[in-house]
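**Student:** This structure is in structure tokens; I'll ask about it shortly.
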Amino acid sequence: MEREEEQGKKQGHRWVWWLAAVLLVLTAAGGIALCWGNQFSLSLLLEGDGEMFLEYGQRYAEPGVRPVFAGTKLLRGGITPEVSVETHNGINPDRLGRYTVTYYADFHGHRASAERVVWVVDTVCPVIELVPGPDRLPGPGEHYEEDGYRAVDNYDGDITDRVVRTELEGKILYAVADSSGNPCYAERLLPGYDPIRPEITLEGDARMVISAGTFFEEPGYHAWDNVDGDMTDQVEIEGEVLWYKPGTYPIFYTATDSNGNISTVVRSVEVMGQPRVAPVEPEGKVIYLTFDDGPGPYTLALLDVLDKYDVKATFFVVDNGYDDVMREIVRRGHSIGIHTMSHAYGDIYASPEAYFEDLYGMQRRIADITGVETTLMRFPGGGSNTISCPNPGIMTLLTEAVQDAGFQYFDWNVDSNDAGGAKTANTVRENIITGVQGKRFSVVLQHDIHAYSVDAVEGVIRWGLDNGYTFLPLTGDSPTCHHGVRN
Ligand code: ZN
């Protein structure tokens, strides 16, 4: 029984050994199966790029390689073995070109090699140096004498002879490329070259319209130049506005800068004339009594005589201090017209400006005193005067100008001659009556600053009324009896 038990124990141990042997066999078979066909190899992995660019002159810094030993089945992740790498580097950083760096390694019979391409390149542009020019300004169209230039490249050295020089307007362009094709440009602005014209700006409108007889006042202008700055005071003005004569007048404003650039702008001024009033011939026989150069000391008496016969006359007045009488003339229903402020022939006929200043001055005086803004007027000396001859043509100009400005000027067709040879009331009266006869209408010239002339009026009125004449004041459309202009 005990033996059987021992026998049984022995048999149990044997079973364990068998099991161990089987496991060992299976493990060995698995290992052999696993290693069957496995191949190891050595490779070199490049650190950094496989193709590198090295600037000319720059030292090559080796990025290195990493050896890797790996198997196709075992050690598939690879290991980095301790192995020396042989590096062949033929790079000459002072010569442009393509170079290769090769790497070799040997590990227990496994060999590996790798290659890296390295380019030595030149990407640095050449430099163009310009010899400074003088400050002298070449005038317009003047040739510029080259002051010199030099082109230097970091690789090619002096490449001045390769520079392409192009003369453009106001500047010179220099261009060059090195042997690697790197370009360089330089520009020389010609000293003082100034293609920019002055700029003229007009104040007020470029197209203006003014009424004839209105003085033209330059509204102003400015000129500015990029080089010369403010050159308003150098603007030349050409063209004249005949402010008294209808028409369109160009004014040219011209500025020339110090480099000869010219600008011109134009302003056009249209002078508009007033439409003229056509005189209307009165019905029946009419006498227009007119009195110049007053009011004076005898004018009030004259007004009384006129009132007595309910006759209205016309007074071409001057500025002589008889303001109350002037007011009375208007109050009593007579026509009032402008004669002159100064009655100084030499002054008023010196120029259109002088004449119109006098005319407007008297118009304002009358308006201030009487409230009437009259456009009726009579030229000192009449439209046919020759006392204005020191200024040739002035009456030709003024006789038109006053009408374009909206005035009606009156001459006369009967002269009492009270400013000439007639020195008595009788003579004055006879001169008038003689003159009036045979005329359908008469514009009679008298001066109420002469007592004898004023004294003649009652006789004239009586004779006129007796002979079927009507006495009328002048109005804007009355006959003007213009004289032939002689200056
Ligand atoms: Zn006069």
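If you're wondering about the labels, chains in the structure tokens are A, B, ... by order shown, residues count from 1 in each chain, ligands from 1 in order shown.
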For the structure I just gave you, how does DSSP split region 279-352 of chain A - specifically, which residues are helix (DSSP H, G or I)? Reply as a ChimeraX atom specification.
**Tutor:** /A:299-308,323-331,345-348,352
**Student:** Please write the residues from the selection above to a file, keeping N, CA, C and O atoms, as a short mmCIF file (atom, residue, chain, number, x, y, z; two decimals), in the first residue's frame.
**Tutor:**
```cif
data_model
loop_
_atom_site.label_atom_id
_atom_site.label_comp_id
_atom_site.auth_asym_id
_atom_site.auth_seq_id
_atom_site.Cartn_x
_atom_site.Cartn_y
_atom_site.Cartn_z
N THR A 299 -32.41 180.10 -57.22
CA THR A 299 -33.22 178.94 -57.60
C THR A 299 -34.59 178.94 -56.95
O THR A 299 -35.58 178.59 -57.58
N LEU A 300 -34.63 179.36 -55.67
CA LEU A 300 -35.94 179.39 -54.99
C LEU A 300 -36.90 180.32 -55.71
O LEU A 300 -38.09 179.99 -55.90
N ALA A 301 -36.40 181.50 -56.13
CA ALA A 301 -37.23 182.45 -56.87
C ALA A 301 -37.71 181.82 -58.17
O ALA A 301 -38.87 181.99 -58.58
N LEU A 302 -36.81 181.07 -58.80
CA LEU A 302 -37.17 180.40 -60.05
C LEU A 302 -38.29 179.39 -59.79
O LEU A 302 -39.24 179.29 -60.56
N LEU A 303 -38.15 178.66 -58.69
CA LEU A 303 -39.18 177.65 -58.37
C LEU A 303 -40.54 178.32 -58.19
O LEU A 303 -41.57 177.77 -58.60
N ASP A 304 -40.50 179.52 -57.61
CA ASP A 304 -41.77 180.23 -57.41
C ASP A 304 -42.40 180.62 -58.75
O ASP A 304 -43.61 180.50 -58.93
N VAL A 305 -41.56 181.08 -59.66
CA VAL A 305 -42.07 181.44 -60.99
C VAL A 305 -42.67 180.21 -61.67
O VAL A 305 -43.76 180.26 -62.26
N LEU A 306 -41.96 179.11 -61.59
CA LEU A 306 -42.45 177.87 -62.23
C LEU A 306 -43.79 177.46 -61.60
O LEU A 306 -44.72 177.07 -62.30
N ASP A 307 -43.85 177.59 -60.27
CA ASP A 307 -45.11 177.25 -59.57
C ASP A 307 -46.25 178.14 -60.05
O ASP A 307 -47.38 177.68 -60.21
N LYS A 308 -45.90 179.39 -60.25
CA LYS A 308 -46.92 180.37 -60.62
C LYS A 308 -47.65 179.93 -61.89
O LYS A 308 -48.85 180.13 -62.03
N ASP A 323 -28.48 172.41 -50.18
CA ASP A 323 -29.21 171.14 -50.01
C ASP A 323 -30.71 171.37 -49.85
O ASP A 323 -31.52 170.62 -50.39
N ASP A 324 -31.06 172.41 -49.09
CA ASP A 324 -32.50 172.67 -48.86
C ASP A 324 -33.20 172.99 -50.17
O ASP A 324 -34.33 172.56 -50.40
N VAL A 325 -32.51 173.74 -51.03
CA VAL A 325 -33.11 174.12 -52.31
C VAL A 325 -33.26 172.86 -53.19
O VAL A 325 -34.27 172.69 -53.88
N MET A 326 -32.25 172.02 -53.10
CA MET A 326 -32.33 170.79 -53.88
C MET A 326 -33.55 169.97 -53.46
O MET A 326 -34.27 169.42 -54.29
N ARG A 327 -33.73 169.90 -52.15
CA ARG A 327 -34.91 169.18 -51.63
C ARG A 327 -36.20 169.83 -52.14
O ARG A 327 -37.16 169.16 -52.50
N GLU A 328 -36.17 171.16 -52.20
CA GLU A 328 -37.36 171.92 -52.63
C GLU A 328 -37.68 171.65 -54.10
O GLU A 328 -38.85 171.56 -54.49
N ILE A 329 -36.64 171.53 -54.89
CA ILE A 329 -36.83 171.22 -56.32
C ILE A 329 -37.66 169.94 -56.46
O ILE A 329 -38.63 169.88 -57.22
N VAL A 330 -37.26 168.94 -55.70
CA VAL A 330 -37.95 167.64 -55.78
C VAL A 330 -39.34 167.75 -55.18
O VAL A 330 -40.32 167.23 -55.73
N ARG A 331 -39.41 168.43 -54.04
CA ARG A 331 -40.71 168.54 -53.36
C ARG A 331 -41.76 169.19 -54.26
O ARG A 331 -42.94 168.86 -54.22
N TYR A 345 -13.46 170.16 -65.14
CA TYR A 345 -13.33 169.40 -66.38
C TYR A 345 -12.07 168.51 -66.40
O TYR A 345 -12.11 167.35 -66.79
N GLY A 346 -10.98 169.14 -65.99
CA GLY A 346 -9.71 168.42 -66.06
C GLY A 346 -9.70 167.16 -65.20
O GLY A 346 -9.06 166.17 -65.53
N ASP A 347 -10.44 167.23 -64.11
CA ASP A 347 -10.48 166.07 -63.21
C ASP A 347 -11.44 165.01 -63.73
O ASP A 347 -11.08 163.83 -63.83
N ILE A 348 -12.65 165.43 -64.02
CA ILE A 348 -13.67 164.41 -64.30
C ILE A 348 -13.45 163.73 -65.64
O ILE A 348 -13.84 162.58 -65.81
N PRO A 352 -12.22 157.28 -67.32
CA PRO A 352 -13.57 156.76 -67.06
C PRO A 352 -13.83 156.61 -65.56
O PRO A 352 -14.91 156.91 -65.08
#
```
**Student:** Can you tell me, as a ChimeraX atom specification, what residues are no more than 7 Å from Asp411 (chain A) when counting only C-alpha atoms, ignoring any on the same chain fewer than 3 positions away?
**Tutor:** /A:378,382-383,480-483
**Student:** Could you please take those selected residues and save N, CA and C atoms as an mmCIF file, in the first residue's frame?
**Tutor:**
```
data_model
loop_
_atom_site.group_PDB
_atom_site.id
_atom_site.type_symbol
_atom_site.label_atom_id
_atom_site.label_comp_id
_atom_site.auth_asym_id
_atom_site.auth_seq_id
_atom_site.Cartn_x
_atom_site.Cartn_y
_atom_site.Cartn_z
ATOM 1 N N ARG A 378 -26.560 165.097 -67.150
ATOM 2 C CA ARG A 378 -26.025 165.922 -68.234
ATOM 3 C C ARG A 378 -24.530 166.067 -68.022
ATOM 4 N N GLY A 382 -21.659 169.283 -71.914
ATOM 5 C CA GLY A 382 -22.464 168.561 -72.901
ATOM 6 C C GLY A 382 -21.695 167.425 -73.540
ATOM 7 N N GLY A 383 -22.444 166.597 -74.225
ATOM 8 C CA GLY A 383 -21.830 165.430 -74.863
ATOM 9 C C GLY A 383 -20.887 165.803 -75.988
ATOM 10 N N THR A 480 -33.601 163.118 -75.999
ATOM 11 C CA THR A 480 -32.313 163.379 -75.343
ATOM 12 C C THR A 480 -31.517 164.480 -76.025
ATOM 13 N N CYS A 481 -31.881 164.773 -77.282
ATOM 14 C CA CYS A 481 -31.185 165.825 -78.045
ATOM 15 C C CYS A 481 -29.658 165.668 -78.005
ATOM 16 N N HIS A 482 -29.229 164.440 -78.188
ATOM 17 C CA HIS A 482 -27.777 164.201 -78.125
ATOM 18 C C HIS A 482 -27.040 164.969 -79.218
ATOM 19 N N HIS A 483 -25.979 165.565 -78.828
ATOM 20 C CA HIS A 483 -25.092 166.265 -79.774
ATOM 21 C C HIS A 483 -24.198 165.241 -80.479
#
```
**Student:** Neighbours of ligand 1 within 7 Å, counting only C-alpha atoms and all ligand atoms, as a list in words?
**Tutor:**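 Using only C-alpha atoms and all ligand atoms, everything at most 7 Å from ligand 1 comes to Asp292, Asp293, His339, His343, Pro380 and Gly381 of chain A.
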**Student:** Residues within 9 Å of region 162-167 of chain A, please, as a list in words. Count only C-alpha atoms; anything in the same chain fewer than 6 positions from it doesn't count.
**Tutor:**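 The neighbour list is Ile128, Arg150, Ala151, Leu173, Tyr174, Ala175, Val176, Ala177 and Asp178 of chain A.
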**Student:** Let me see the file: selected residues, N, CA and C atoms, as a short mmCIF file (atom, residue, chain, number, x, y, z; two decimals), in the first residue's frame.
**Tutor:**
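Everything below was put into again14.cif:
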```cif
data_model
loop_
_atom_site.label_atom_id
_atom_site.label_comp_id
_atom_site.auth_asym_id
_atom_site.auth_seq_id
_atom_site.Cartn_x
_atom_site.Cartn_y
_atom_site.Cartn_z
N ILE A 128 25.23 100.17 -55.54
CA ILE A 128 25.66 101.24 -56.46
C ILE A 128 25.90 102.49 -55.63
N ARG A 150 29.67 103.92 -59.00
CA ARG A 150 30.46 102.71 -58.87
C ARG A 150 29.53 101.62 -58.37
N ALA A 151 29.68 100.42 -58.96
CA ALA A 151 28.86 99.30 -58.51
C ALA A 151 29.79 98.22 -57.98
N LEU A 173 18.57 106.80 -63.94
CA LEU A 173 18.38 105.50 -63.32
C LEU A 173 19.60 104.64 -63.60
N TYR A 174 20.14 104.02 -62.56
CA TYR A 174 21.28 103.14 -62.68
C TYR A 174 20.82 101.74 -62.29
N ALA A 175 21.10 100.75 -63.13
CA ALA A 175 20.68 99.39 -62.82
C ALA A 175 21.85 98.45 -63.09
N VAL A 176 21.98 97.44 -62.22
CA VAL A 176 23.04 96.46 -62.41
C VAL A 176 22.59 95.14 -61.78
N ALA A 177 23.12 94.03 -62.28
CA ALA A 177 22.83 92.73 -61.66
C ALA A 177 24.15 91.99 -61.52
N ASP A 178 24.30 91.27 -60.42
CA ASP A 178 25.54 90.50 -60.24
C ASP A 178 25.42 89.18 -61.01
#
```
**Student:** Name the residues in contact with region 70-86 of chain A at a cut-off of 10 Å, using only C-alpha atoms, excluding same-chain residues fewer than 5 positions from it; report them as a list in words.
**Tutor:** Leu34, Cys35, Trp36, Gly37, Asn38, Gln39, Phe40, Ser41, Leu42, Ser43, Leu44, Gly64, Val65, Thr102, Tyr103, Tyr104, Ala105, Asp106, Phe107, His108, Ala112 and Ser113 of chain A
